[in-house]
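Enquirer: Supplied in structure tokens, the structure appears directly below.
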Amino acid sequence: MSIRHGLLALLSRGPRYGYQLRVEFEASTGATWPLNIGQVYTTLSRMERDGLVEPGESDEQGRVVYTITAAGRAEMTRWFSTPVVQSDRPRDELVIKLAMAVAAKEVDVAEVIRGQRTATMRALQQLTRAKRAVTEGVGQRLVLDSMIFQAEAEQRWLDHCEAVLKEER
Amino acid sequence: MTVVRLTEVTRVHGEGAAAVHALKGVSLDVDAGELVAVMGPSGSGKSTLLNLAGGLDRPTSGSVHIDERDLAGVRDLAALRRRSVGYVFQDLNLITSLTAAENVMLPRELDGVRSRVAREEAMAVLTEIDVADLADRFPEELSGGQRQRVAIARALVGERRLLLADEPTGALDTRTGDEILRLLRARCDAGAAVLLVTHESRYAGWADRVVFLRDGMITDSTDASLVST
């Protein structure tokens, strides 16, 4: 996930302080990706170096307002028009764990699947409760929906593993 | 308060070598205000479980209680079902020649409630779930989601506090399916007991408790204390 592009998207709505960007970033994503203020300022200074944002004068409290530049807008447009590549995702521990459970022979794979399925279902229940609690903020709801779809895909895959392994035995 | 209780329920279809053990000793309680989801592949015994819980079928052994009444001692199961149990199925079970309101009125009229009173009750429940404006439409004039809402209204009309739902989101898109679960959830929060059978985990996620059924047995539950051993 690119913090830099997220900040550009927020700045496209108008100039912002660093702390404002942090609050808005979390509000937009439902606090799924908590940012610390240090990450925000480090990213902003790199973006300034790359000509994507421009800092204004600091006010009496030493706070600086950042404004998106034309190059920044172009970079944001490029980001939104480029699909995310599947292979950029990190390796999935669960997939490796199951493959290894099959390879290890002495491991009860069905038990690994059963335990994981119940744990993932509990996570799904929590996500659903969180979604019910979101009364406004379509962005937040869609982020939670994405996590719900991922958990659902994991459940389906676990069911599939169970069925395949049952046949193999 | 426990609305439906299954105790060590077994169900065998057929006899001898051809016997099929659909359920092998299942115990499950659903309390008022609770939404319990049963997940399992086809053939795991989900529908048998739901039919037994609603008195559509009788167990081979074990007992089923609805509102603390042992169904084994109930002679007129049909009357008890009409009064206490509401069903929502995947296949739309609305009668096409009746309007939405008339569909909802039907179980009450079968119970001998006067037409005018049945209509008032139907309108009350349709209003409660926000589809009063659809009362005079026929099923074919409704969307899939609207039809399922009417089916839920019919399942809830009168005094019924137990709702059994068999894949109620079947053919619906995920957004409409979520709306149906939101509605079932709201009915639970208002005091109904809901037993939901689904093979889709995203909908089971709305439940207070999820039990996993495999080959006629509960193999796991998100509430670990309830796993049968």
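Simple scheme: letters A, B, ... for chains in structure tokens order, numbers from 1 for residues in each chain, numbers from 1 for ligands in the order shown.
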Which parts of chain A does DSSP call strand (DSSP E or B) when run on the backbone here, written out as a PyMOL selection string?
Expert: chain A and resi 16-17+53-58+64-68
Enquirer: With only C-alpha atoms counted and 12 Å as the cut-off, give the residues of chain B in contact with chain A, each with its shortest interatomic distance in Å and the pair that gives it, as a tab-separated table.
Expert:
residue	atom	partner	partner_atom	distance
B:Leu35	CA	A:Gln125	CA	11.8
B:Val36	CA	A:Gln125	CA	11.7
B:Ala37	CA	A:Met121	CA	11.1
B:Val38	CA	A:Met121	CA	11.9
B:Met39	CA	A:Met121	CA	10.5
B:Gly40	CA	A:Asp159	CA	9.2
B:Pro41	CA	A:Asp159	CA	8.3
B:Ser42	CA	A:Ala163	CA	11.7
B:Thr174	CA	A:Phe149	CA	10.1
B:Arg175	CA	A:Asp145	CA	10.2
B:Asp178	CA	A:Thr128	CA	10.0
B:Glu179	CA	A:Arg132	CA	10.9
B:Leu181	CA	A:Thr128	CA	10.6
B:Arg182	CA	A:Arg132	CA	8.2
B:Leu183	CA	A:Arg132	CA	11.6
B:Arg185	CA	A:Arg132	CA	10.1
B:Ala186	CA	A:Arg132	CA	10.9
B:His199	CA	A:Arg156	CA	9.4
B:Glu200	CA	A:Glu152	CA	7.7
B:Ser201	CA	A:Glu152	CA	5.8
B:Arg202	CA	A:Glu152	CA	5.9
B:Tyr203	CA	A:Thr128	CA	8.9
B:Ala204	CA	A:Gln125	CA	7.8
B:Gly205	CA	A:Gln125	CA	4.2
B:Trp206	CA	A:Thr128	CA	6.0
B:Ala207	CA	A:Gln125	CA	7.0
B:Asp208	CA	A:Gln125	CA	7.7
B:Arg209	CA	A:Gln125	CA	8.7
B:Val210	CA	A:Met121	CA	7.8
B:Val211	CA	A:Thr118	CA	8.9
B:Phe212	CA	A:Thr118	CA	8.5
B:Leu213	CA	A:Arg114	CA	11.4
B:Arg214	CA	A:Arg114	CA	10.8
B:Ile218	CA	A:Arg114	CA	11.8
B:Thr219	CA	A:Arg114	CA	8.4
B:Asp220	CA	A:Thr118	CA	7.2
B:Ser221	CA	A:Thr118	CA	6.9
B:Thr222	CA	A:Thr118	CA	5.9
B:Asp223	CA	A:Arg122	CA	9.2
B:Ala224	CA	A:Thr118	CA	9.4
B:Val227	CA	A:Thr118	CA	11.7
Enquirer: With only C-alpha atoms as the counted atoms, please give the residues lying no more than 6 Å from segment 80-92 of chain B, apart from itself and same-chain residues fewer than 5 positions off, as a PyMOL selection string.
Expert: chain B and resi 155-156+160+162-168+170
Enquirer: Could you take the residues named above and write them with N, CA and C atoms, as a PDB file, in the first residue's frame?
Expert:
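The resulting part.pdb:
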ATOM      1  N   ALA B 155     -43.093 -14.813   7.584  1.00  0.00           N
ATOM      2  CA  ALA B 155     -42.538 -15.720   8.590  1.00  0.00           C
ATOM      3  C   ALA B 155     -42.688 -15.157  10.004  1.00  0.00           C
ATOM      4  N   LEU B 156     -42.832 -13.833  10.094  1.00  0.00           N
ATOM      5  CA  LEU B 156     -42.845 -13.201  11.417  1.00  0.00           C
ATOM      6  C   LEU B 156     -44.242 -12.805  11.889  1.00  0.00           C
ATOM      7  N   ARG B 160     -45.228 -15.298  16.243  1.00  0.00           N
ATOM      8  CA  ARG B 160     -44.109 -16.220  16.043  1.00  0.00           C
ATOM      9  C   ARG B 160     -42.765 -15.586  16.361  1.00  0.00           C
ATOM     10  N   LEU B 162     -39.868 -17.705  16.431  1.00  0.00           N
ATOM     11  CA  LEU B 162     -38.804 -18.568  15.914  1.00  0.00           C
ATOM     12  C   LEU B 162     -38.816 -18.499  14.388  1.00  0.00           C
ATOM     13  N   LEU B 163     -37.701 -18.112  13.844  1.00  0.00           N
ATOM     14  CA  LEU B 163     -37.612 -17.969  12.409  1.00  0.00           C
ATOM     15  C   LEU B 163     -36.524 -18.911  11.887  1.00  0.00           C
ATOM     16  N   LEU B 164     -36.901 -19.774  10.948  1.00  0.00           N
ATOM     17  CA  LEU B 164     -35.951 -20.714  10.362  1.00  0.00           C
ATOM     18  C   LEU B 164     -35.705 -20.298   8.919  1.00  0.00           C
ATOM     19  N   ALA B 165     -34.460 -20.072   8.598  1.00  0.00           N
ATOM     20  CA  ALA B 165     -34.136 -19.567   7.270  1.00  0.00           C
ATOM     21  C   ALA B 165     -33.177 -20.522   6.573  1.00  0.00           C
ATOM     22  N   ASP B 166     -33.600 -21.066   5.430  1.00  0.00           N
ATOM     23  CA  ASP B 166     -32.781 -22.008   4.670  1.00  0.00           C
ATOM     24  C   ASP B 166     -32.237 -21.308   3.430  1.00  0.00           C
ATOM     25  N   GLU B 167     -30.971 -20.939   3.471  1.00  0.00           N
ATOM     26  CA  GLU B 167     -30.330 -20.222   2.357  1.00  0.00           C
ATOM     27  C   GLU B 167     -31.191 -19.048   1.869  1.00  0.00           C
ATOM     28  N   PRO B 168     -31.572 -18.135   2.754  1.00  0.00           N
ATOM     29  CA  PRO B 168     -32.507 -17.075   2.350  1.00  0.00           C
ATOM     30  C   PRO B 168     -31.899 -16.068   1.381  1.00  0.00           C
ATOM     31  N   GLY B 170     -30.063 -17.052  -1.217  1.00  0.00           N
ATOM     32  CA  GLY B 170     -29.742 -17.861  -2.379  1.00  0.00           C
ATOM     33  C   GLY B 170     -29.328 -17.156  -3.650  1.00  0.00           C
TER      34      GLY B 170
END
Enquirer: Which residues are near Arg11 of chain B? Cut-off 7 Å, only C-alpha atoms, ignore same chain within fewer than 6 positions. Put them as a PyMOL selection string.
Expert: chain B and resi 21-24+59-61
Enquirer: DSSP on the backbone: which residues in segment 7-211 of chain B end up as alpha helix (DSSP H)? Give the answer as a ChimeraX atom specification.
Expert: /B:46-53,77-84,100-110,115-128,144-156,174-189,201-204
Enquirer: Neighbouring residues of segment 17-29 of chain A were defined as those with any atom within 12 Å, considering only C-alpha atoms; residues of the same chain fewer than 2 positions away were excluded. Please report them as a ChimeraX atom specification.
Expert: /A:1-15,31-45,53-59,61-68,134,136-147
